[in-house]
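One structure is given here, and the rest of the page talks about it.
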Amino acid sequence: MSVSGNVFRYPEEIRDDFLQTADIQFRDGSKASPAEVWHYLTEIGPKKYPHIYDYSNYYGRKISGDVTLPFSLKHNYLIMTMDERMTKAKQNGIPVVFVQGGQSVDPYYAAGAIALRPASVGIWASCQHEGLNLNQEEVRRANQKEKAYRAISFEVCQSAGYENIQEGTVPVDMIAPYSCLRCSDVSYGLEAHRHGKRKDVKLFLADYPLDHQKDKEWAITYFAENIRRLIESIDELTGGKTTAEDLRKEIKLHNEGRRLAMEIADLWWSAEVPPTNGKDRRDLFQMGGMELHGDPEASLSLLREAKGYIAERVKKGQKGFGVSDNPVRIFVCGSCVFPNEYRIEEVGGIVVGNDNHWSDITTIVEEDGDPFYNLAKAVLSYPYEQSIKERAKWTVEQIKRSRADGVLFLYNWGCNTQSAVARALVDEIKRESGVPTLIIEHEQQGTQSEQLQNRVNAFVEMLK
Amino acid sequence: MANVSAFAGVDVGSLGTKTVILVDGEIAGYSILRTGINTEENGLHGLETALENAGLKREDLKYIVATGYGRISAPYADKTVTEITCHAKGAHYLHPQTRTIIDMGGQDCKAIRLDEDGNVTDFAMNDKCAAGTGRFLEVMANVFKVSLDELGPLSLRATEVLPVSSTCTVFAESETVSLLARGERPENIIIGIHHAIANRVGGMFSRVGIESDVFFSGGVAKNIGMRKALEDVLKVKIVEPKKDPQLVGAIGAAVIAQNSWKRGR
């Protein structure tokens, strides 16, 4: 069933070691043992989702070949079981809320809901289709994209996700993003929902004040009130009553994820040689946002386990699978898109960081005091949502910490926000950090073209 | 020839496959062929033809570098490098004072800045638009029922520049047809097309900047009208190429092949 003629198989030799690793802990108290995960990845997954096992470098979402990193295997398991897990949660009466990329999800979980960003909704929808090879999956994605154009806007980006709600593909109960100006899909989605058919899907907009919002007391209080109303809105769905203590507890849990991701990043960045490849690094860092798997506890159990493995590799000076000697280090900024990491590694580069989700992950919420106020203050402090000057300052810090040699700013076709700030932000970054930069408009389709790759490769060659 | 150390650069572009053989740092042979549908065979055929032209055999080649869009299907190559890097090395080889390159090929155009050693320091490429490409000019040549080679000389016979507003291939074609229907002189429309492209390319230079000496490479660089329009619009003097500008990418690839072999990789 492989299009590339190269099918990935987890090697039997790693089985025994993998079986010694930790269980995945889920939010509902259940667990997945490594034996279950192994069985799924080696027996069920290849039959259910052949496209995921297509082992071509042209497939940016292909499985990482770094088989001795247990979190990498478990992450794949969690992605492949998205439909099963979400269906189970829905059967248990847990509402699913559609949120925005790059925002924290503490209040949604505090109120007993599952918060999914557009990309996760897309993964859930994809998992409903079994037995597709890579070409068939790409065709499915392209068709899905056309539906998004019709349902939302011609300018919508590839990770839209809202079309799945409009069509009822995935049973989302509520749409409730923060209204920050990071993504033009939010406005398109809200407008589409206003005139769309799905009136049964509740709508809530957490109104995000802009313009030095983090420094204004009224703005913090105002947004705290929005969070309170958001939680009350979810309570109406569950019939429960969420307390301030529930939110405080949830914030602590998410802070642990955020802190772990930052500690792991510091380890990763401190290493002489990159301890994982770019794909595993991106997944690992992003887990700190606690949204990736639709289950914060599951993400947390992976992060807790991963830290030791990364520390061990850094100590031994062990290089991630597929990483070349002395690779050119690239920091990726811009929209919620990323280049094909495998192909960058092929030509001697590696992506060492992204600014997008990292912005909310690096924003720790104060744990003492009013949790609504604290959360509002943190959310209004996301570096990505600040003025160009402030955002650039934070980005330069990340570039320095990650020891990046160059900055690639990718904005999505149709991304009206990131395309608007690209030039000014990149000029500021270049001026402050002194590293070479390149701005590229990302394709409108999910599959990246040779044109885009050509620019990225030339940039890597330029930095060598 | 006994004990020859030859190096090849193969530039498999969207329209043309160019190959250059270097021996002792000098161009010993080359070939320019029309790119067909079998990418790997195109490169191999280009190599054979250039070797024949140089009077050499395959065994004489110590190192091969492939570039251009076809480089991803070049199992015969020891290394692949993007054409951006290759154009910089090629232009530096032909004219070491080059600091800026305008490259116009079959399917894209690029603005490349380089340092005194021929290393790329910045670049910009056209995006999702055919303006400034060989393919665009081919479509236009077809409208005027002339060959691609005739477009440039025809534009030099213009008495005035007619404004052609669109650089979208399809719309520019219909705009041209309308201008012809209105009775405008073909040469004046052709020079207008060249100016429209030069303006578009000018946009890329506002991003990366322009510094002398300016080198014009790629298949479109053979077009004297395009060269003139670029000089007029960008207000720069373009250096006279010592070799066919279409070969620049392949020359750069061959230079990289020679350097890589010397460094032992």
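Residue names in the structure tokens use chain letters A, B, ... in the order shown, residue numbers from 1 in each chain, and ligand numbers from 1 in the order shown.
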
Would you pick out the contacts of segment 63-67 of chain A at 7 Å or less, using only C-alpha atoms, so that residues sharing its chain but fewer than 3 positions from it are not included, and give the list as a list in words? Ile52, Tyr53, Lys279, Asp280, Gly320 and Phe321 of chain A

Written selection (N, CA and C atoms) as a compact mmCIF listing (two decimals), in the first residue's frame:
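So the final result, stored in selection-v5.txt, reads:
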```txt
# COMPACT_ATOMS: atom_id res chain seq x y z
N ILE A 52 0.19 6.65 7.08
CA ILE A 52 1.08 7.14 8.14
C ILE A 52 2.41 6.39 8.11
N TYR A 53 2.38 5.16 7.60
CA TYR A 53 3.59 4.32 7.58
C TYR A 53 4.38 4.47 6.27
N LYS A 279 11.48 16.72 13.64
CA LYS A 279 10.08 16.32 13.82
C LYS A 279 9.82 15.94 15.28
N ASP A 280 10.70 15.12 15.86
CA ASP A 280 10.52 14.73 17.26
C ASP A 280 10.63 15.94 18.18
N GLY A 320 20.30 12.87 17.26
CA GLY A 320 19.01 12.37 16.81
C GLY A 320 19.12 11.66 15.48
N PHE A 321 18.18 10.74 15.25
CA PHE A 321 18.19 9.93 14.03
C PHE A 321 17.98 10.80 12.78
```

Test item: residues at most 12 Å from segment 128-132 of chain B, only C-alpha atoms, excluding those fewer than 2 positions along its chain, as a PyMOL selection string: (chain A and resi 413+440-444+449+451-452) or (chain B and resi 102-111+125-126+134-140+165-173+193-204+218-221+223+226-227+229-230)

Provide as a ChimeraX atom specification the residues of chain A at most 10 Å from chain B, counting only C-alpha atoms. /A:347,423,436-443,450-464

Hey, what does DSSP flag as helix (DSSP H, G or I) within segment 19-208 of chain A? Can you give it to me as JSON, numbers by chain? {"A": [19, 34, 35, 36, 37, 38, 39, 40, 41, 42, 43, 44, 45, 46, 47, 48, 50, 51, 52, 53, 70, 71, 72, 73, 74, 75, 76, 77, 78, 79, 80, 82, 83, 84, 85, 86, 87, 88, 89, 90, 91, 106, 107, 108, 109, 110, 118, 119, 120, 121, 122, 123, 124, 125, 126, 134, 135, 136, 137, 138, 139, 140, 141, 142, 143, 144, 145, 146, 147, 148, 149, 150, 151, 162, 163, 164, 165, 166, 184, 185, 186, 187, 188, 189, 190, 191, 192, 193, 194, 195]}

I'd like the contact shell of Ile350 of chain A - 12 Å cut-off, only C-alpha atoms, skipping same-chain residues fewer than 5 positions apart - returned as JSON, numbers by chain. {"A": [273, 274, 275, 276, 277, 278, 279, 280, 281, 282, 319, 320, 321, 322, 323, 324, 325, 326, 327, 328, 329, 330, 331, 332, 339, 340, 341, 342, 343, 344, 345, 402, 403, 404, 405, 406, 407, 408, 456, 457, 459, 460, 463, 464]}

Fewer than 6 positions away in the same chain doesn't count, so skip those; otherwise give me all residues within 8 Å of segment 63-65 of chain B, counting only C-alpha atoms, as an MDAnalysis selection string. chainID B and resid 6:10 76:81 253:254 256:258 260:261

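Pairwise distance (atom CA of Asp200 of chain A, atom CA of Met86 of chain A) equals 19.1 Å.
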
DSSP strand (DSSP E or B) selection over segment 245-385 of chain A, as an MDAnalysis selection string: chainID A and resid 328:334 349:354

Would you save the residues from that selection as a short mmCIF file (atom, residue, chain, number, x, y, z; two decimals), in the first residue's frame, using N, CA and C atoms?
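Done, and the output landed in again_36.cif:
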```cif
data_model
loop_
_atom_site.label_atom_id
_atom_site.label_comp_id
_atom_site.auth_asym_id
_atom_site.auth_seq_id
_atom_site.Cartn_x
_atom_site.Cartn_y
_atom_site.Cartn_z
N VAL A 328 23.15 23.00 10.03
CA VAL A 328 22.79 24.43 10.10
C VAL A 328 21.49 24.52 10.89
N ARG A 329 21.47 25.38 11.92
CA ARG A 329 20.31 25.46 12.83
C ARG A 329 19.36 26.57 12.40
N ILE A 330 18.10 26.18 12.18
CA ILE A 330 17.11 27.15 11.70
C ILE A 330 15.97 27.32 12.68
N PHE A 331 15.65 28.57 12.96
CA PHE A 331 14.50 28.89 13.81
C PHE A 331 13.36 29.31 12.88
N VAL A 332 12.20 28.69 13.04
CA VAL A 332 11.07 28.97 12.15
C VAL A 332 10.06 29.88 12.84
N CYS A 333 9.69 30.97 12.16
CA CYS A 333 8.70 31.91 12.69
C CYS A 333 7.51 31.98 11.74
N GLY A 334 6.47 32.65 12.21
CA GLY A 334 5.36 32.97 11.33
C GLY A 334 4.08 32.24 11.63
N GLY A 349 20.57 20.58 7.34
CA GLY A 349 20.04 21.57 8.27
C GLY A 349 19.20 20.91 9.34
N ILE A 350 18.74 21.69 10.30
CA ILE A 350 17.78 21.17 11.28
C ILE A 350 16.97 22.36 11.83
N VAL A 351 15.67 22.13 12.05
CA VAL A 351 14.84 23.17 12.66
C VAL A 351 14.96 23.02 14.17
N VAL A 352 15.39 24.09 14.83
CA VAL A 352 15.64 24.01 16.28
C VAL A 352 14.52 24.67 17.11
N GLY A 353 13.61 25.36 16.47
CA GLY A 353 12.53 25.98 17.24
C GLY A 353 11.49 26.63 16.34
N ASN A 354 10.31 26.86 16.91
CA ASN A 354 9.24 27.57 16.21
C ASN A 354 8.68 28.61 17.20
#
```

Write out as a PyMOL selection string each polymer residue whose atoms come within 7 Å of segment 111-122 of chain A, counting only C-alpha atoms; drop sequence neighbours fewer than 5 positions from it. chain A and resi 94-101+105+159-162+231+234-235+242+291-292+294

Output file for the selection above: all heavy atoms, as a tab-separated table (two decimals), in the first residue's frame:
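File again_25.tsv, as written:
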```
chain	number	residue	atom	x	y	z
A	94	ILE	N	-18.48	14.17	27.68
A	94	ILE	CA	-17.53	15.29	27.74
A	94	ILE	C	-17.66	16.13	26.47
A	94	ILE	O	-17.50	15.61	25.37
A	94	ILE	CB	-16.09	14.77	27.91
A	94	ILE	CG1	-16.00	14.03	29.25
A	94	ILE	CG2	-15.07	15.89	27.82
A	94	ILE	CD1	-14.72	13.32	29.48
A	95	PRO	N	-17.95	17.43	26.63
A	95	PRO	CA	-18.07	18.26	25.42
A	95	PRO	C	-16.71	18.58	24.78
A	95	PRO	O	-15.70	18.62	25.48
A	95	PRO	CB	-18.73	19.55	25.93
A	95	PRO	CG	-18.57	19.55	27.40
A	95	PRO	CD	-18.24	18.17	27.86
A	96	VAL	N	-16.72	18.77	23.47
A	96	VAL	CA	-15.49	19.13	22.76
A	96	VAL	C	-15.64	20.56	22.27
A	96	VAL	O	-16.66	20.93	21.67
A	96	VAL	CB	-15.22	18.18	21.58
A	96	VAL	CG1	-14.01	18.64	20.80
A	96	VAL	CG2	-15.01	16.76	22.08
A	97	VAL	N	-14.62	21.37	22.55
A	97	VAL	CA	-14.67	22.78	22.18
A	97	VAL	C	-13.58	23.08	21.15
A	97	VAL	O	-12.43	22.68	21.31
A	97	VAL	CB	-14.47	23.69	23.43
A	97	VAL	CG1	-14.59	25.16	23.05
A	97	VAL	CG2	-15.47	23.33	24.51
A	98	PHE	N	-13.95	23.77	20.09
A	98	PHE	CA	-13.02	24.17	19.03
A	98	PHE	C	-12.38	25.49	19.44
A	98	PHE	O	-13.08	26.48	19.68
A	98	PHE	CB	-13.81	24.33	17.74
A	98	PHE	CG	-13.00	24.68	16.52
A	98	PHE	CD1	-12.13	23.76	15.96
A	98	PHE	CD2	-13.14	25.92	15.90
A	98	PHE	CE1	-11.41	24.07	14.81
A	98	PHE	CE2	-12.42	26.24	14.76
A	98	PHE	CZ	-11.55	25.30	14.20
A	99	VAL	N	-11.05	25.50	19.56
A	99	VAL	CA	-10.36	26.71	19.99
A	99	VAL	C	-9.36	27.17	18.92
A	99	VAL	O	-9.28	26.57	17.85
A	99	VAL	CB	-9.64	26.49	21.35
A	99	VAL	CG1	-10.64	26.08	22.41
A	99	VAL	CG2	-8.53	25.46	21.24
A	100	GLN	N	-8.59	28.16	19.25
A	100	GLN	CA	-7.65	28.75	18.30
A	100	GLN	C	-6.25	28.19	18.52
A	100	GLN	O	-5.90	27.84	19.63
A	100	GLN	CB	-7.68	30.27	18.49
A	100	GLN	CG	-6.74	31.04	17.65
A	100	GLN	CD	-6.83	30.62	16.21
A	100	GLN	OE1	-7.92	30.46	15.68
A	100	GLN	NE2	-5.70	30.42	15.58
A	101	GLY	N	-5.46	28.15	17.45
A	101	GLY	CA	-4.07	27.73	17.59
A	101	GLY	C	-3.29	28.73	18.43
A	101	GLY	O	-3.63	29.91	18.45
A	105	VAL	N	-5.06	26.17	26.96
A	105	VAL	CA	-6.37	25.52	27.03
A	105	VAL	C	-6.80	25.23	28.47
A	105	VAL	O	-7.75	24.48	28.68
A	105	VAL	CB	-6.36	24.22	26.18
A	105	VAL	CG1	-6.32	24.54	24.69
A	105	VAL	CG2	-5.20	23.30	26.55
A	159	SER	N	-4.98	24.62	7.58
A	159	SER	CA	-5.30	23.93	8.82
A	159	SER	C	-6.66	24.35	9.38
A	159	SER	O	-6.97	24.11	10.53
A	159	SER	CB	-4.19	24.18	9.85
A	159	SER	OG	-3.96	25.55	9.99
A	160	ALA	N	-7.47	24.97	8.52
A	160	ALA	CA	-8.75	25.54	8.95
A	160	ALA	C	-9.50	24.73	10.02
A	160	ALA	O	-9.66	25.18	11.15
A	160	ALA	CB	-9.63	25.75	7.74
A	161	GLY	N	-9.96	23.54	9.65
A	161	GLY	CA	-10.62	22.67	10.63
A	161	GLY	C	-12.10	22.94	10.82
A	161	GLY	O	-12.87	22.02	11.09
A	162	TYR	N	-12.51	24.20	10.68
A	162	TYR	CA	-13.90	24.54	10.96
A	162	TYR	C	-14.88	23.81	10.03
A	162	TYR	O	-16.01	23.49	10.41
A	162	TYR	CB	-14.11	26.06	10.87
A	162	TYR	CG	-15.56	26.44	10.99
A	162	TYR	CD1	-16.21	26.39	12.22
A	162	TYR	CD2	-16.31	26.77	9.87
A	162	TYR	CE1	-17.56	26.68	12.33
A	162	TYR	CE2	-17.66	27.05	9.96
A	162	TYR	CZ	-18.28	27.01	11.19
A	162	TYR	OH	-19.62	27.28	11.29
A	231	ILE	N	-16.12	29.78	30.96
A	231	ILE	CA	-16.28	28.60	31.81
A	231	ILE	C	-17.76	28.36	32.13
A	231	ILE	O	-18.24	27.23	32.08
A	231	ILE	CB	-15.39	28.74	33.08
A	231	ILE	CG1	-13.92	28.53	32.67
A	231	ILE	CG2	-15.81	27.75	34.16
A	231	ILE	CD1	-12.90	28.72	33.76
A	234	ILE	N	-19.39	26.71	29.23
A	234	ILE	CA	-19.11	25.27	29.14
A	234	ILE	C	-19.91	24.53	30.23
A	234	ILE	O	-20.44	23.44	29.99
A	234	ILE	CB	-17.59	24.98	29.25
A	234	ILE	CG1	-16.85	25.67	28.09
A	234	ILE	CG2	-17.32	23.48	29.22
A	234	ILE	CD1	-15.33	25.61	28.18
A	235	ASP	N	-20.02	25.16	31.39
A	235	ASP	CA	-20.82	24.56	32.47
A	235	ASP	C	-22.26	24.30	32.02
A	235	ASP	O	-22.88	23.32	32.41
A	235	ASP	CB	-20.84	25.49	33.70
A	235	ASP	CG	-19.56	25.37	34.54
A	235	ASP	OD1	-18.79	24.41	34.30
A	235	ASP	OD2	-19.32	26.23	35.41
A	242	THR	N	-18.13	24.82	37.73
A	242	THR	CA	-16.68	24.89	37.87
A	242	THR	C	-16.31	25.96	38.89
A	242	THR	O	-16.80	27.10	38.80
A	242	THR	CB	-16.05	25.21	36.50
A	242	THR	OG1	-16.51	24.23	35.57
A	242	THR	CG2	-14.53	25.15	36.57
A	291	GLU	N	-2.32	20.53	24.53
A	291	GLU	CA	-3.49	20.41	23.66
A	291	GLU	C	-3.35	19.30	22.65
A	291	GLU	O	-4.33	18.70	22.22
A	291	GLU	CB	-3.69	21.77	22.93
A	291	GLU	CG	-4.86	21.84	22.00
A	291	GLU	CD	-4.59	21.28	20.62
A	291	GLU	OE1	-3.40	21.08	20.25
A	291	GLU	OE2	-5.56	21.03	19.88
A	292	LEU	N	-2.12	19.04	22.28
A	292	LEU	CA	-1.78	18.19	21.13
A	292	LEU	C	-2.53	16.87	21.05
A	292	LEU	O	-2.88	16.41	19.97
A	292	LEU	CB	-0.26	17.94	21.16
A	292	LEU	CG	0.42	17.46	19.90
A	292	LEU	CD1	0.11	18.36	18.72
A	292	LEU	CD2	1.93	17.39	20.12
A	294	GLY	N	-5.39	16.09	22.85
A	294	GLY	CA	-6.77	16.15	23.32
A	294	GLY	C	-6.90	15.56	24.71
A	294	GLY	O	-7.98	15.15	25.13
```

Shell of 12 Å around segment 91-98 of chain B, only C-alpha atoms, local chain residues under 3 positions omitted, as a tab-separated table (two decimals) with N, CA, C and O atoms, in the first residue's frame:
```tsv
chain	number	residue	atom	x	y	z
B	22	LEU	N	34.37	20.75	-16.73
B	22	LEU	CA	35.56	21.55	-16.41
B	22	LEU	C	36.79	20.66	-16.36
B	22	LEU	O	36.75	19.58	-15.76
B	25	GLY	N	40.08	23.71	-14.40
B	25	GLY	CA	39.42	25.00	-14.18
B	25	GLY	C	38.91	25.67	-15.44
B	25	GLY	O	38.38	26.78	-15.39
B	26	GLU	N	39.09	25.03	-16.58
B	26	GLU	CA	38.62	25.63	-17.85
B	26	GLU	C	37.46	24.82	-18.41
B	26	GLU	O	37.40	23.61	-18.22
B	27	ILE	N	36.53	25.50	-19.09
B	27	ILE	CA	35.39	24.80	-19.68
B	27	ILE	C	35.89	24.01	-20.89
B	27	ILE	O	36.37	24.57	-21.89
B	83	GLU	N	20.08	25.60	-7.48
B	83	GLU	CA	20.59	26.44	-8.57
B	83	GLU	C	20.93	27.85	-8.08
B	83	GLU	O	21.66	28.57	-8.74
B	84	ILE	N	20.40	28.22	-6.92
B	84	ILE	CA	20.72	29.56	-6.38
B	84	ILE	C	22.22	29.63	-6.07
B	84	ILE	O	22.92	30.54	-6.49
B	85	THR	N	22.69	28.64	-5.34
B	85	THR	CA	24.12	28.57	-5.02
B	85	THR	C	24.94	28.41	-6.31
B	85	THR	O	26.00	29.03	-6.46
B	86	CYS	N	24.46	27.58	-7.23
B	86	CYS	CA	25.22	27.33	-8.46
B	86	CYS	C	25.33	28.59	-9.33
B	86	CYS	O	26.39	28.86	-9.90
B	87	HIS	N	24.25	29.35	-9.44
B	87	HIS	CA	24.33	30.58	-10.24
B	87	HIS	C	25.34	31.56	-9.65
B	87	HIS	O	26.06	32.24	-10.37
B	88	ALA	N	25.38	31.60	-8.32
B	88	ALA	CA	26.34	32.49	-7.66
B	88	ALA	C	27.77	32.06	-8.00
B	88	ALA	O	28.61	32.88	-8.38
B	101	ILE	N	23.00	39.07	-9.03
B	101	ILE	CA	22.63	38.28	-10.22
B	101	ILE	C	21.13	38.40	-10.45
B	101	ILE	O	20.34	38.30	-9.51
B	102	ILE	N	20.77	38.61	-11.70
B	102	ILE	CA	19.38	38.48	-12.09
B	102	ILE	C	19.36	37.18	-12.88
B	102	ILE	O	20.03	37.06	-13.91
B	103	ASP	N	18.64	36.20	-12.40
B	103	ASP	CA	18.57	34.93	-13.12
B	103	ASP	C	17.15	34.72	-13.61
B	103	ASP	O	16.21	34.76	-12.81
B	112	ILE	N	19.73	37.43	-6.76
B	112	ILE	CA	20.71	36.83	-5.84
B	112	ILE	C	21.80	37.84	-5.52
B	112	ILE	O	22.35	38.48	-6.42
B	113	ARG	N	22.10	38.00	-4.24
B	113	ARG	CA	23.22	38.85	-3.83
B	113	ARG	C	24.36	37.95	-3.39
B	113	ARG	O	24.14	36.92	-2.76
B	114	LEU	N	25.59	38.32	-3.75
B	114	LEU	CA	26.72	37.48	-3.35
B	114	LEU	C	27.91	38.31	-2.87
B	114	LEU	O	27.99	39.50	-3.15
B	115	ASP	N	28.80	37.65	-2.14
B	115	ASP	CA	29.98	38.35	-1.63
B	115	ASP	C	31.16	38.17	-2.60
B	115	ASP	O	31.01	37.56	-3.67
B	116	GLU	N	32.32	38.68	-2.20
B	116	GLU	CA	33.47	38.65	-3.11
B	116	GLU	C	33.99	37.25	-3.41
B	116	GLU	O	34.73	37.04	-4.38
B	117	ASP	N	33.57	36.26	-2.60
B	117	ASP	CA	33.99	34.88	-2.86
B	117	ASP	C	32.92	34.07	-3.60
B	117	ASP	O	33.07	32.85	-3.76
B	118	GLY	N	31.86	34.74	-4.00
B	118	GLY	CA	30.81	34.03	-4.73
B	118	GLY	C	29.84	33.29	-3.82
B	118	GLY	O	29.10	32.42	-4.27
B	119	ASN	N	29.83	33.63	-2.51
B	119	ASN	CA	28.86	33.02	-1.59
B	119	ASN	C	27.57	33.83	-1.58
B	119	ASN	O	27.62	35.07	-1.59
B	120	VAL	N	26.45	33.12	-1.53
B	120	VAL	CA	25.15	33.81	-1.51
B	120	VAL	C	24.97	34.49	-0.16
B	120	VAL	O	25.20	33.90	0.89
B	210	ILE	N	20.38	46.02	-4.70
B	210	ILE	CA	21.15	45.79	-5.93
B	210	ILE	C	22.50	46.50	-5.81
B	210	ILE	O	22.57	47.62	-5.33
B	211	GLU	N	23.55	45.80	-6.19
B	211	GLU	CA	24.90	46.37	-6.09
B	211	GLU	C	25.68	45.93	-7.33
B	211	GLU	O	25.53	44.80	-7.79
B	212	SER	N	26.49	46.81	-7.88
B	212	SER	CA	27.27	46.47	-9.07
B	212	SER	C	28.47	45.61	-8.68
B	212	SER	O	28.95	45.73	-7.55
B	213	ASP	N	28.92	44.73	-9.54
B	213	ASP	CA	28.48	44.49	-10.89
B	213	ASP	C	27.27	43.57	-10.94
B	213	ASP	O	27.17	42.64	-10.14
B	214	VAL	N	26.40	43.85	-11.91
B	214	VAL	CA	25.18	43.06	-12.05
B	214	VAL	C	25.34	42.08	-13.22
B	214	VAL	O	25.72	42.48	-14.32
B	215	PHE	N	25.06	40.83	-12.94
B	215	PHE	CA	25.20	39.77	-13.93
B	215	PHE	C	23.82	39.22	-14.26
B	215	PHE	O	23.00	39.02	-13.36
B	216	PHE	N	23.55	39.00	-15.52
B	216	PHE	CA	22.24	38.48	-15.96
B	216	PHE	C	22.46	37.05	-16.45
B	216	PHE	O	23.19	36.83	-17.42
B	217	SER	N	21.83	36.08	-15.79
B	217	SER	CA	22.03	34.68	-16.17
B	217	SER	C	20.71	34.00	-16.51
B	217	SER	O	19.64	34.57	-16.32
B	218	GLY	N	20.81	32.77	-16.99
B	218	GLY	CA	19.62	32.00	-17.35
B	218	GLY	C	19.29	32.13	-18.82
B	218	GLY	O	19.82	33.00	-19.52
B	237	LYS	N	23.93	48.92	-15.10
B	237	LYS	CA	24.62	48.42	-16.29
B	237	LYS	C	24.84	46.93	-16.03
B	237	LYS	O	25.33	46.54	-14.98
B	238	ILE	N	24.44	46.12	-17.00
B	238	ILE	CA	24.61	44.68	-16.85
B	238	ILE	C	25.90	44.25	-17.55
B	238	ILE	O	26.16	44.69	-18.69
B	239	VAL	N	26.71	43.44	-16.89
B	239	VAL	CA	28.01	43.08	-17.48
B	239	VAL	C	27.83	42.17	-18.70
B	239	VAL	O	26.86	41.41	-18.79
B	240	GLU	N	28.77	42.28	-19.61
B	240	GLU	CA	28.75	41.47	-20.83
B	240	GLU	C	29.21	40.05	-20.48
B	240	GLU	O	30.32	39.87	-19.99
B	241	PRO	N	28.37	39.03	-20.67
B	241	PRO	CA	28.81	37.68	-20.28
B	241	PRO	C	29.84	37.12	-21.27
B	241	PRO	O	29.73	37.34	-22.47
B	242	LYS	N	30.86	36.43	-20.71
B	242	LYS	CA	31.89	35.86	-21.59
B	242	LYS	C	31.44	34.54	-22.20
B	242	LYS	O	32.03	34.06	-23.15
B	243	LYS	N	30.44	33.94	-21.57
B	243	LYS	CA	29.91	32.67	-22.07
B	243	LYS	C	28.40	32.77	-22.18
B	243	LYS	O	27.79	33.71	-21.67
B	244	ASP	N	27.82	31.77	-22.81
B	244	ASP	CA	26.37	31.71	-22.91
B	244	ASP	C	25.75	31.79	-21.50
B	244	ASP	O	26.01	30.93	-20.66
B	245	PRO	N	24.93	32.81	-21.23
B	245	PRO	CA	24.39	32.97	-19.87
B	245	PRO	C	23.49	31.82	-19.42
B	245	PRO	O	23.26	31.65	-18.23
B	246	GLN	N	23.01	31.04	-20.37
B	246	GLN	CA	22.16	29.90	-20.01
B	246	GLN	C	22.98	28.82	-19.29
B	246	GLN	O	22.44	27.97	-18.59
B	247	LEU	N	24.32	28.88	-19.48
B	247	LEU	CA	25.18	27.84	-18.90
B	247	LEU	C	25.62	28.15	-17.47
B	247	LEU	O	26.28	27.32	-16.83
B	248	VAL	N	25.28	29.34	-16.96
B	248	VAL	CA	25.86	29.78	-15.69
B	248	VAL	C	25.62	28.81	-14.52
B	248	VAL	O	26.52	28.50	-13.75
B	249	GLY	N	24.39	28.28	-14.43
B	249	GLY	CA	24.07	27.34	-13.35
B	249	GLY	C	24.92	26.09	-13.45
B	249	GLY	O	25.46	25.59	-12.45
B	250	ALA	N	25.07	25.58	-14.67
B	250	ALA	CA	25.86	24.36	-14.89
B	250	ALA	C	27.35	24.64	-14.63
B	250	ALA	O	28.06	23.79	-14.07
B	251	ILE	N	27.80	25.82	-14.99
B	251	ILE	CA	29.21	26.19	-14.73
B	251	ILE	C	29.44	26.18	-13.22
B	251	ILE	O	30.40	25.60	-12.71
B	252	GLY	N	28.50	26.81	-12.49
B	252	GLY	CA	28.61	26.86	-11.03
B	252	GLY	C	28.62	25.46	-10.43
B	252	GLY	O	29.41	25.16	-9.52
B	253	ALA	N	27.78	24.59	-10.96
B	253	ALA	CA	27.71	23.21	-10.46
B	253	ALA	C	29.05	22.51	-10.70
B	253	ALA	O	29.55	21.78	-9.83
B	254	ALA	N	29.65	22.76	-11.88
B	254	ALA	CA	30.95	22.13	-12.20
B	254	ALA	C	32.05	22.69	-11.29
B	254	ALA	O	32.94	21.94	-10.85
B	255	VAL	N	31.98	23.97	-10.98
B	255	VAL	CA	32.97	24.58	-10.07
B	255	VAL	C	32.85	23.94	-8.68
B	255	VAL	O	33.85	23.58	-8.05
B	256	ILE	N	31.59	23.76	-8.24
B	256	ILE	CA	31.37	23.13	-6.93
B	256	ILE	C	31.88	21.68	-6.95
B	256	ILE	O	32.47	21.20	-5.99
```

Would you mind listing what lies within 9 Å of segment 261-264 of chain A as a list of chain:residue names, with only C-alpha atoms counted and same-chain residues fewer than 6 positions away left out? A:Leu284, A:Phe285, A:Gln286, A:Met287, A:Gly288, A:Gly289, A:Leu303, A:Ala306, A:Lys307, A:Ile310, A:Ala311, A:Ile361, A:Thr362

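Using only C-alpha atoms, the shortest contact distance between Leu253 of chain A and any of A:Glu191, A:Asp283, A:Glu130, A:Asp295 is found at A:Asp295.
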
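Take atom CA of Gln128 of chain A and atom CA of Lys88 of chain A: the distance between them is 13.7 Å.
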